[in-house]
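As provided, final11.cif (mmCIF, C-alpha atoms) reads as follows.
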```cif
data_model
#
loop_
_atom_site.group_PDB
_atom_site.id
_atom_site.type_symbol
_atom_site.label_atom_id
_atom_site.label_comp_id
_atom_site.auth_asym_id
_atom_site.auth_seq_id
_atom_site.Cartn_x
_atom_site.Cartn_y
_atom_site.Cartn_z
ATOM 1 C CA MET A 1 -85.045 40.582 -27.664
ATOM 2 C CA GLU A 2 -82.338 38.076 -26.827
ATOM 3 C CA VAL A 3 -82.445 36.737 -23.269
ATOM 4 C CA PHE A 4 -79.500 38.121 -21.300
ATOM 5 C CA THR A 5 -78.939 38.361 -17.536
ATOM 6 C CA MET A 6 -77.679 41.803 -16.557
ATOM 7 C CA THR A 7 -75.023 41.887 -13.838
ATOM 8 C CA ALA A 8 -72.759 44.607 -12.517
ATOM 9 C CA ILE A 9 -69.709 45.419 -14.604
ATOM 10 C CA LYS A 10 -66.678 47.647 -14.213
ATOM 11 C CA ARG A 11 -66.404 50.920 -16.072
ATOM 12 C CA ILE A 12 -64.723 54.319 -15.881
ATOM 13 C CA GLN A 13 -67.278 56.986 -15.013
ATOM 14 C CA TYR A 14 -67.668 60.359 -13.306
ATOM 15 C CA HIS A 15 -70.266 61.970 -11.052
ATOM 16 C CA ARG A 16 -69.721 65.605 -12.042
ATOM 17 C CA TYR A 17 -68.055 67.495 -14.852
ATOM 18 C CA GLY A 18 -64.414 68.316 -14.250
ATOM 19 C CA GLY A 19 -60.784 67.427 -14.865
ATOM 20 C CA PRO A 20 -59.067 64.022 -14.774
ATOM 21 C CA GLU A 21 -59.513 63.864 -11.013
ATOM 22 C CA VAL A 22 -63.268 63.183 -11.359
ATOM 23 C CA MET A 23 -62.753 59.827 -13.105
ATOM 24 C CA ARG A 24 -63.617 56.720 -11.094
ATOM 25 C CA PHE A 25 -63.261 52.990 -11.781
ATOM 26 C CA GLU A 26 -66.489 51.620 -10.376
ATOM 27 C CA ASP A 27 -69.211 49.007 -10.562
ATOM 28 C CA PHE A 28 -72.057 49.838 -12.889
ATOM 29 C CA GLU A 29 -75.150 47.980 -14.028
ATOM 30 C CA PRO A 30 -75.650 48.435 -17.785
ATOM 31 C CA THR A 31 -79.132 49.025 -19.124
ATOM 32 C CA ARG A 32 -80.791 46.463 -21.323
ATOM 33 C CA PRO A 33 -80.555 47.398 -25.005
ATOM 34 C CA GLY A 34 -83.663 49.283 -26.058
ATOM 35 C CA PRO A 35 -85.275 49.367 -29.501
ATOM 36 C CA GLY A 36 -82.602 49.746 -32.153
ATOM 37 C CA GLU A 37 -79.775 49.197 -29.648
ATOM 38 C CA VAL A 38 -77.161 46.508 -29.029
ATOM 39 C CA LEU A 39 -75.237 45.538 -25.911
ATOM 40 C CA VAL A 40 -71.585 44.863 -26.687
ATOM 41 C CA ARG A 41 -69.046 42.989 -24.601
ATOM 42 C CA VAL A 42 -66.116 45.352 -25.088
ATOM 43 C CA LYS A 43 -62.752 43.863 -26.039
ATOM 44 C CA ALA A 44 -60.931 47.148 -26.683
ATOM 45 C CA ALA A 45 -61.727 50.860 -26.634
ATOM 46 C CA ALA A 46 -59.832 53.908 -27.911
ATOM 47 C CA ALA A 47 -59.292 57.333 -26.374
ATOM 48 C CA ASN A 48 -60.073 60.530 -28.294
ATOM 49 C CA PRO A 49 -59.763 64.225 -27.341
ATOM 50 C CA MET A 50 -63.568 64.472 -27.420
ATOM 51 C CA ASP A 51 -63.662 62.143 -24.395
ATOM 52 C CA TRP A 52 -62.104 64.644 -22.022
ATOM 53 C CA LYS A 53 -63.768 67.631 -23.701
ATOM 54 C CA ILE A 54 -67.131 66.049 -22.869
ATOM 55 C CA ARG A 55 -66.012 65.109 -19.341
ATOM 56 C CA ASN A 56 -64.772 68.673 -18.789
ATOM 57 C CA GLY A 57 -68.287 69.918 -19.554
ATOM 58 C CA GLU A 58 -67.454 71.622 -22.850
ATOM 59 C CA MET A 59 -70.424 69.937 -24.554
ATOM 60 C CA LYS A 60 -72.898 69.876 -21.650
ATOM 61 C CA ILE A 61 -75.512 71.553 -23.834
ATOM 62 C CA MET A 62 -75.632 68.212 -25.684
ATOM 63 C CA THR A 63 -74.797 65.777 -22.881
ATOM 64 C CA GLY A 64 -76.958 67.190 -20.074
ATOM 65 C CA ARG A 65 -76.464 66.895 -16.319
ATOM 66 C CA ARG A 66 -77.466 63.324 -15.525
ATOM 67 C CA PHE A 67 -74.841 61.367 -13.585
ATOM 68 C CA PRO A 68 -72.987 59.099 -13.278
ATOM 69 C CA ARG A 69 -71.777 59.368 -16.844
ATOM 70 C CA GLY A 70 -69.576 56.830 -18.580
ATOM 71 C CA LEU A 71 -66.451 57.793 -20.469
ATOM 72 C CA GLY A 72 -65.363 56.782 -23.962
ATOM 73 C CA HIS A 73 -66.965 56.236 -27.339
ATOM 74 C CA ASP A 74 -64.884 54.061 -29.680
ATOM 75 C CA PHE A 75 -64.978 50.315 -29.102
ATOM 76 C CA ALA A 76 -64.602 46.883 -30.651
ATOM 77 C CA GLY A 77 -66.200 43.803 -29.183
ATOM 78 C CA VAL A 78 -68.820 41.067 -29.419
ATOM 79 C CA VAL A 79 -72.584 41.601 -29.447
ATOM 80 C CA ALA A 80 -74.000 40.180 -26.190
ATOM 81 C CA ALA A 81 -77.679 41.122 -26.604
ATOM 82 C CA VAL A 82 -79.892 43.031 -29.028
ATOM 83 C CA GLY A 83 -82.962 45.185 -28.564
ATOM 84 C CA ALA A 84 -86.221 45.133 -30.469
ATOM 85 C CA HIS A 85 -86.134 45.924 -34.197
ATOM 86 C CA VAL A 86 -82.420 45.136 -34.503
ATOM 87 C CA THR A 87 -82.096 43.179 -37.730
ATOM 88 C CA ARG A 88 -78.602 43.785 -39.078
ATOM 89 C CA LEU A 89 -76.627 42.456 -36.102
ATOM 90 C CA GLY A 90 -76.959 39.375 -33.909
ATOM 91 C CA VAL A 91 -75.562 37.920 -30.700
ATOM 92 C CA GLY A 92 -72.011 36.713 -31.216
ATOM 93 C CA ASP A 93 -71.174 39.125 -34.046
ATOM 94 C CA GLU A 94 -67.746 40.733 -33.858
ATOM 95 C CA VAL A 95 -68.230 44.479 -34.292
ATOM 96 C CA LEU A 96 -66.715 47.932 -34.034
ATOM 97 C CA GLY A 97 -68.515 51.175 -33.431
ATOM 98 C CA GLY A 98 -69.175 54.083 -31.152
ATOM 99 C CA ALA A 99 -71.369 54.853 -28.169
ATOM 100 C CA GLY A 100 -73.442 58.017 -28.572
ATOM 101 C CA ILE A 101 -72.226 61.417 -27.376
ATOM 102 C CA LYS A 102 -74.907 61.576 -24.699
ATOM 103 C CA ALA A 103 -74.633 57.988 -23.465
ATOM 104 C CA ALA A 104 -70.881 57.310 -23.893
ATOM 105 C CA GLY A 105 -69.509 54.508 -21.709
ATOM 106 C CA ALA A 106 -67.112 52.575 -23.969
ATOM 107 C CA PHE A 107 -64.373 52.432 -21.301
ATOM 108 C CA ALA A 108 -66.140 49.499 -19.704
ATOM 109 C CA GLU A 109 -66.559 45.750 -19.811
ATOM 110 C CA MET A 110 -69.882 46.233 -21.618
ATOM 111 C CA ALA A 111 -71.499 49.151 -23.449
ATOM 112 C CA VAL A 112 -74.793 49.926 -25.145
ATOM 113 C CA ALA A 113 -74.844 51.571 -28.574
ATOM 114 C CA GLU A 114 -77.305 52.271 -31.341
ATOM 115 C CA GLU A 115 -77.289 49.647 -34.072
ATOM 116 C CA LYS A 116 -76.738 52.357 -36.679
ATOM 117 C CA ALA A 117 -73.427 53.239 -34.984
ATOM 118 C CA VAL A 118 -72.080 49.667 -35.108
ATOM 119 C CA VAL A 119 -70.810 47.585 -38.026
ATOM 120 C CA ALA A 120 -69.100 44.238 -38.539
ATOM 121 C CA LYS A 121 -65.408 44.092 -37.646
ATOM 122 C CA PRO A 122 -63.229 42.952 -40.554
ATOM 123 C CA ALA A 123 -61.564 39.672 -39.613
ATOM 124 C CA SER A 124 -58.161 41.026 -40.628
ATOM 125 C CA LEU A 125 -58.201 43.612 -37.819
ATOM 126 C CA SER A 126 -57.192 42.964 -34.232
ATOM 127 C CA TRP A 127 -59.476 44.234 -31.473
ATOM 128 C CA GLU A 128 -57.048 47.085 -30.818
ATOM 129 C CA GLU A 129 -56.835 48.077 -34.484
ATOM 130 C CA ALA A 130 -60.603 47.969 -34.847
ATOM 131 C CA ALA A 131 -61.235 50.095 -31.759
ATOM 132 C CA ALA A 132 -58.951 52.833 -33.102
ATOM 133 C CA ILE A 133 -61.135 53.482 -36.144
ATOM 134 C CA PRO A 134 -64.705 54.675 -35.462
ATOM 135 C CA VAL A 135 -64.653 58.336 -34.347
ATOM 136 C CA VAL A 136 -61.586 59.492 -36.255
ATOM 137 C CA GLY A 137 -62.255 57.434 -39.378
ATOM 138 C CA LEU A 138 -65.920 58.383 -39.579
ATOM 139 C CA THR A 139 -65.176 62.066 -38.953
ATOM 140 C CA ALA A 140 -62.504 62.147 -41.654
ATOM 141 C CA PHE A 141 -64.728 60.309 -44.140
ATOM 142 C CA GLN A 142 -67.720 62.562 -43.553
ATOM 143 C CA ALA A 143 -65.570 65.700 -43.635
ATOM 144 C CA LEU A 144 -64.007 64.889 -47.000
ATOM 145 C CA VAL A 145 -66.546 62.725 -48.795
ATOM 146 C CA SER A 146 -69.946 63.738 -47.391
ATOM 147 C CA THR A 147 -69.344 67.427 -46.631
ATOM 148 C CA GLY A 148 -66.347 68.206 -48.842
ATOM 149 C CA LYS A 149 -67.669 66.275 -51.870
ATOM 150 C CA LEU A 150 -64.154 65.029 -52.556
ATOM 151 C CA ARG A 151 -63.392 63.964 -56.120
ATOM 152 C CA ALA A 152 -60.394 62.389 -57.805
ATOM 153 C CA GLY A 153 -57.848 64.939 -58.947
ATOM 154 C CA GLN A 154 -58.656 67.472 -56.234
ATOM 155 C CA ALA A 155 -56.204 68.860 -53.692
ATOM 156 C CA VAL A 156 -56.757 68.682 -49.920
ATOM 157 C CA PHE A 157 -54.954 70.576 -47.155
ATOM 158 C CA ILE A 158 -55.102 69.056 -43.648
ATOM 159 C CA HIS A 159 -54.212 71.276 -40.704
ATOM 160 C CA GLY A 160 -52.958 68.818 -38.099
ATOM 161 C CA CYS A 161 -52.273 66.001 -40.518
ATOM 162 C CA LEU A 162 -50.783 63.570 -37.977
ATOM 163 C CA GLY A 163 -53.582 63.455 -35.424
ATOM 164 C CA GLY A 164 -56.105 60.620 -35.593
ATOM 165 C CA VAL A 165 -58.512 62.459 -37.888
ATOM 166 C CA GLY A 166 -55.639 63.965 -39.868
ATOM 167 C CA ARG A 167 -54.000 60.598 -40.568
ATOM 168 C CA SER A 168 -57.360 59.102 -41.496
ATOM 169 C CA ALA A 169 -58.198 62.011 -43.785
ATOM 170 C CA ALA A 170 -54.844 61.837 -45.558
ATOM 171 C CA GLN A 171 -55.255 58.131 -46.305
ATOM 172 C CA ILE A 172 -58.899 58.523 -47.374
ATOM 173 C CA ALA A 173 -58.008 61.427 -49.663
ATOM 174 C CA VAL A 174 -55.158 59.525 -51.336
ATOM 175 C CA ALA A 175 -57.427 56.487 -51.777
ATOM 176 C CA HIS A 176 -59.938 58.738 -53.563
ATOM 177 C CA GLY A 177 -57.284 59.965 -55.995
ATOM 178 C CA ALA A 178 -56.637 63.346 -54.379
ATOM 179 C CA THR A 179 -53.339 65.023 -53.569
ATOM 180 C CA VAL A 180 -52.720 66.053 -49.967
ATOM 181 C CA GLY A 181 -50.785 68.832 -48.271
ATOM 182 C CA GLY A 182 -50.707 69.410 -44.556
ATOM 183 C CA SER A 183 -49.308 70.962 -41.428
ATOM 184 C CA CYS A 184 -47.637 69.246 -38.486
ATOM 185 C CA ARG A 185 -44.968 69.904 -35.913
ATOM 186 C CA ALA A 186 -41.443 70.036 -37.283
ATOM 187 C CA GLY A 187 -39.017 67.192 -36.678
ATOM 188 C CA VAL A 188 -39.446 63.445 -36.893
ATOM 189 C CA ALA A 189 -43.142 63.916 -37.604
ATOM 190 C CA VAL A 190 -42.324 65.239 -41.063
ATOM 191 C CA HIS A 191 -41.097 61.777 -42.090
ATOM 192 C CA GLU A 192 -44.390 60.261 -40.951
ATOM 193 C CA ALA A 193 -46.289 62.800 -43.029
ATOM 194 C CA HIS A 194 -44.175 61.970 -46.085
ATOM 195 C CA ASP A 195 -44.940 58.290 -45.584
ATOM 196 C CA LEU A 196 -48.663 59.132 -45.746
ATOM 197 C CA GLY A 197 -48.161 60.756 -49.149
ATOM 198 C CA ILE A 198 -48.466 64.325 -47.864
ATOM 199 C CA PHE A 199 -46.744 67.129 -49.776
ATOM 200 C CA PRO A 200 -46.215 69.984 -49.217
ATOM 201 C CA ILE A 201 -45.676 69.727 -45.468
ATOM 202 C CA VAL A 202 -45.498 72.920 -43.391
ATOM 203 C CA ASP A 203 -45.261 73.913 -39.709
ATOM 204 C CA PHE A 204 -48.395 74.811 -37.764
ATOM 205 C CA ASP A 205 -47.579 78.542 -37.957
ATOM 206 C CA PHE A 206 -47.037 78.522 -41.730
ATOM 207 C CA ASP A 207 -47.544 81.480 -44.059
ATOM 208 C CA ALA A 208 -50.735 80.637 -45.982
ATOM 209 C CA THR A 209 -49.975 83.164 -48.713
ATOM 210 C CA LYS A 210 -47.155 80.897 -49.940
ATOM 211 C CA LEU A 211 -49.747 78.198 -50.701
ATOM 212 C CA ALA A 212 -52.476 80.551 -51.836
ATOM 213 C CA GLY A 213 -55.223 79.199 -54.093
ATOM 214 C CA ARG A 214 -53.925 75.625 -54.238
ATOM 215 C CA PHE A 215 -56.579 73.529 -52.467
ATOM 216 C CA ASP A 216 -60.163 72.448 -53.092
ATOM 217 C CA ILE A 217 -60.732 71.390 -49.467
ATOM 218 C CA VAL A 218 -59.132 72.725 -46.286
ATOM 219 C CA LEU A 219 -59.746 70.463 -43.286
ATOM 220 C CA ASP A 220 -58.893 71.963 -39.897
ATOM 221 C CA THR A 221 -58.544 69.033 -37.493
ATOM 222 C CA ALA A 222 -56.873 71.100 -34.766
ATOM 223 C CA GLY A 223 -59.403 73.930 -34.718
ATOM 224 C CA THR A 224 -56.614 76.520 -34.712
ATOM 225 C CA LEU A 225 -56.286 77.541 -38.348
ATOM 226 C CA PRO A 226 -57.331 81.201 -38.750
ATOM 227 C CA VAL A 227 -60.250 81.547 -41.143
ATOM 228 C CA LYS A 228 -58.358 84.103 -43.228
ATOM 229 C CA ALA A 229 -55.493 81.646 -43.649
ATOM 230 C CA ALA A 230 -57.893 78.879 -44.646
ATOM 231 C CA GLN A 231 -59.576 81.172 -47.146
ATOM 232 C CA ALA A 232 -56.197 82.071 -48.639
ATOM 233 C CA LEU A 233 -55.458 78.392 -49.272
ATOM 234 C CA LEU A 234 -58.692 77.777 -51.187
ATOM 235 C CA LYS A 235 -59.293 77.579 -54.872
ATOM 236 C CA PRO A 236 -62.468 79.352 -56.078
ATOM 237 C CA GLY A 237 -65.469 77.303 -54.966
ATOM 238 C CA GLY A 238 -63.465 75.401 -52.349
ATOM 239 C CA ARG A 239 -64.652 74.306 -48.917
ATOM 240 C CA ILE A 240 -63.305 74.846 -45.382
ATOM 241 C CA ILE A 241 -64.287 72.174 -42.846
ATOM 242 C CA ASP A 242 -63.638 72.509 -39.103
ATOM 243 C CA ILE A 243 -64.264 69.544 -36.788
ATOM 244 C CA ASN A 244 -63.905 71.503 -33.525
ATOM 245 C CA PRO A 245 -67.335 72.964 -32.759
ATOM 246 C CA THR A 246 -67.901 76.056 -30.630
ATOM 247 C CA PRO A 247 -70.977 78.327 -30.487
ATOM 248 C CA ALA A 248 -69.154 81.010 -32.470
ATOM 249 C CA LYS A 249 -68.098 78.519 -35.123
ATOM 250 C CA PHE A 250 -71.673 77.265 -35.489
ATOM 251 C CA VAL A 251 -72.770 80.843 -36.160
ATOM 252 C CA ARG A 252 -70.083 81.278 -38.813
ATOM 253 C CA SER A 253 -71.003 77.931 -40.335
ATOM 254 C CA ALA A 254 -74.614 79.071 -40.772
ATOM 255 C CA LEU A 255 -73.568 82.102 -42.830
ATOM 256 C CA PRO A 256 -73.072 82.018 -46.616
ATOM 257 C CA GLY A 257 -69.558 81.053 -47.627
ATOM 258 C CA PRO A 258 -67.150 78.125 -47.728
ATOM 259 C CA TYR A 259 -66.847 77.538 -43.952
ATOM 260 C CA ARG A 260 -68.619 74.594 -42.313
ATOM 261 C CA VAL A 261 -68.393 72.999 -38.845
ATOM 262 C CA LEU A 262 -68.790 69.238 -38.789
ATOM 263 C CA ILE A 263 -69.831 66.877 -36.004
ATOM 264 C CA GLY A 264 -69.605 63.270 -37.150
ATOM 265 C CA LYS A 265 -72.891 61.375 -37.152
ATOM 266 C CA PRO A 266 -73.556 57.624 -37.080
ATOM 267 C CA VAL A 267 -74.289 56.576 -40.657
ATOM 268 C CA VAL A 268 -74.030 52.836 -41.277
ATOM 269 C CA GLU A 269 -72.807 53.157 -44.860
ATOM 270 C CA ASP A 270 -70.097 55.653 -43.902
ATOM 271 C CA LEU A 271 -68.818 53.657 -40.920
ATOM 272 C CA ASP A 272 -68.860 50.444 -42.939
ATOM 273 C CA ALA A 273 -66.862 52.123 -45.728
ATOM 274 C CA VAL A 274 -64.260 53.173 -43.164
ATOM 275 C CA ALA A 275 -64.174 49.704 -41.584
ATOM 276 C CA GLN A 276 -63.760 48.022 -44.965
ATOM 277 C CA ALA A 277 -60.952 50.426 -45.896
ATOM 278 C CA ALA A 278 -59.182 49.498 -42.673
ATOM 279 C CA GLY A 279 -59.752 45.815 -43.301
ATOM 280 C CA LYS A 280 -58.108 46.129 -46.716
ATOM 281 C CA GLY A 281 -55.126 48.033 -45.327
ATOM 282 C CA ILE A 282 -56.111 51.291 -47.043
ATOM 283 C CA LEU A 283 -56.651 52.970 -43.677
ATOM 284 C CA ARG A 284 -54.199 52.306 -40.866
ATOM 285 C CA LEU A 285 -54.073 54.009 -37.471
ATOM 286 C CA PRO A 286 -51.052 53.192 -35.309
ATOM 287 C CA VAL A 287 -51.540 52.034 -31.727
ATOM 288 C CA ALA A 288 -49.047 53.757 -29.437
ATOM 289 C CA ARG A 289 -50.000 52.058 -26.189
ATOM 290 C CA ALA A 290 -52.482 49.531 -24.807
ATOM 291 C CA VAL A 291 -53.434 49.392 -21.115
ATOM 292 C CA PRO A 292 -55.911 47.229 -19.176
ATOM 293 C CA LEU A 293 -59.174 48.841 -18.085
ATOM 294 C CA GLY A 294 -58.242 48.767 -14.402
ATOM 295 C CA LYS A 295 -55.142 50.910 -15.043
ATOM 296 C CA ALA A 296 -56.610 53.183 -17.689
ATOM 297 C CA ILE A 297 -57.353 56.254 -15.537
ATOM 298 C CA ALA A 298 -53.651 56.974 -15.058
ATOM 299 C CA ALA A 299 -52.984 56.521 -18.773
ATOM 300 C CA LEU A 300 -55.933 58.739 -19.725
ATOM 301 C CA THR A 301 -54.740 61.435 -17.344
ATOM 302 C CA GLU A 302 -51.245 61.345 -18.832
ATOM 303 C CA LEU A 303 -52.649 61.537 -22.355
ATOM 304 C CA GLU A 304 -54.799 64.534 -21.516
ATOM 305 C CA ARG A 305 -52.174 66.467 -19.589
ATOM 306 C CA ASN A 306 -49.016 65.602 -21.516
ATOM 307 C CA ARG A 307 -50.374 64.386 -24.874
ATOM 308 C CA THR A 308 -48.458 61.150 -24.404
ATOM 309 C CA PRO A 309 -48.152 58.583 -25.821
ATOM 310 C CA LYS A 310 -47.468 60.281 -29.139
ATOM 311 C CA GLY A 311 -47.565 58.769 -32.594
ATOM 312 C CA GLY A 312 -50.713 56.705 -32.225
ATOM 313 C CA LYS A 313 -53.802 55.800 -30.253
ATOM 314 C CA LEU A 314 -54.166 54.935 -26.584
ATOM 315 C CA ILE A 315 -56.138 51.690 -26.424
ATOM 316 C CA ILE A 316 -57.907 50.334 -23.356
ATOM 317 C CA THR A 317 -58.353 46.556 -23.203
ATOM 318 C CA THR A 318 -60.639 44.418 -21.050
ATOM 319 C CA GLU A 319 -58.667 41.159 -21.192
#
```

Take the structure from the file and write it as structure tokens.
Amino acid sequence: MEVFTMTAIKRIQYHRYGGPEVMRFEDFEPTRPGPGEVLVRVKAAAANPMDWKIRNGEMKIMTGRRFPRGLGHDFAGVVAAVGAHVTRLGVGDEVLGGAGIKAAGAFAEMAVAEEKAVVAKPASLSWEEAAAIPVVGLTAFQALVSTGKLRAGQAVFIHGCLGGVGRSAAQIAVAHGATVGGSCRAGVAVHEAHDLGIFPIVDFDFDATKLAGRFDIVLDTAGTLPVKAAQALLKPGGRIIDINPTPAKFVRSALPGPYRVLIGKPVVEDLDAVAQAAGKGILRLPVARAVPLGKAIAALTELERNRTPKGGKLIITTE
């Protein structure tokens, strides 16, 4: 293990499950990286809906009841120390990745993550651009490529095509030679969807029978597409993929049929493929706002309650 002196850092954390009011900006002493782990000096971190779902206690069956708990998963930064058996990364490497669901803690000056959930940051990406990628890019890639078995010439429908996962999925699908249709809110957003190569574009409450039997993969990023509507969209042998897990959805996913629930998992090859796509400009996620760590609680609260800023990611910076 690399020699590294641990000192208190600042991070956003909470001492019980609850709403935005439980978040605190406090001192915290990070743990030394264990076997297969790296300690990263965070340069930027990105907010995702899963952050407040976990903090609200919606996934406590997976996250447990040990407090204080850190907030945030996506980050970009510099490796400060490595644990035993870490061979792929070294101190000083510029990286992007994600803290685990149970550990979290990316909204901090330093964070610990598993080596398998961290890859090299392409030099062409800024810290903010790199931090925006991991959760949404990996989820979209695994939904379409790993679970959906996407092939060139296929057709994909994305419900919620302008969210982080939706934008990522649209760009990944086009890069793989697929055509993409999707749903989004009417208005200016339609122009953004067109720019991503999405057609047809429909409202969230669209009539699925008008697009019946047109798609090989239906990806529900919002978790609100009725199963019957998704089934109507499918071609024979198609797949429905939902990235919003609930106990009832897990039960449905275990039954025979086209429906599957997906929770993204850290796979080095998948995350590296996403990072490389971003580095080459194939995958781009807009940054709507960047705020310093010390002022991030207010911005996170606004994002959760009002869904603002719109049109891109909220990024938290440490410098």

Assuming the chain letters and numbering stay as they are in my file, what does the PyMOL selection byres ((chain A and resi 28) around 9) actually select? List them as a compact mmCIF listing (two decimals) with C-alpha atoms, keeping the file's coordinate frame.
```txt
# COMPACT_ATOMS: atom_id res chain seq x y z
CA THR A 7 -75.02 41.89 -13.84
CA ALA A 8 -72.76 44.61 -12.52
CA ILE A 9 -69.71 45.42 -14.60
CA LYS A 10 -66.68 47.65 -14.21
CA ARG A 11 -66.40 50.92 -16.07
CA GLN A 13 -67.28 56.99 -15.01
CA GLU A 26 -66.49 51.62 -10.38
CA ASP A 27 -69.21 49.01 -10.56
CA GLU A 29 -75.15 47.98 -14.03
CA PRO A 30 -75.65 48.44 -17.78
```

*So which residues are close to (-56.9, 74.9, -33.1), meaning at most 10 Å away in the file's coordinates with all atoms listed in the file counted, and can you show them as a list of chain:residue names?*
A:His159, A:Gly160, A:Phe204, A:Asp220, A:Thr221, A:Ala222, A:Gly223, A:Thr224, A:Leu225, A:Pro226, A:Asp242, A:Ile243, A:Asn244

*List the residues matched by the PyMOL selection byres ((chain A and resi 263-277) around 10) in the displayed structure as a PyMOL selection string, ordered by chain and then by residue number.*
chain A and resi 95-101+114-122+124-125+130+133-143+145-146+168+171-172+175+242-245+261-262+278-284

*Determine the residue membership of the PyMOL selection byres ((chain A and resi 109) around 12) for the file above and supply it as a VMD selection string.*
chain A and resid 7 to 12 25 to 30 39 to 45 70 72 75 to 78 80 105 to 108 110 to 112 292 to 294 316 to 319

*For CA of Glu58 (chain A) and CA of Tyr14 (chain A), quote the distance in Å rounded to one decimal.*
14.8 Å

_Computed interatomic separation between CA of Ile158 (chain A) and CA of Leu233 (chain A) (Å)_ = 10.9 Å
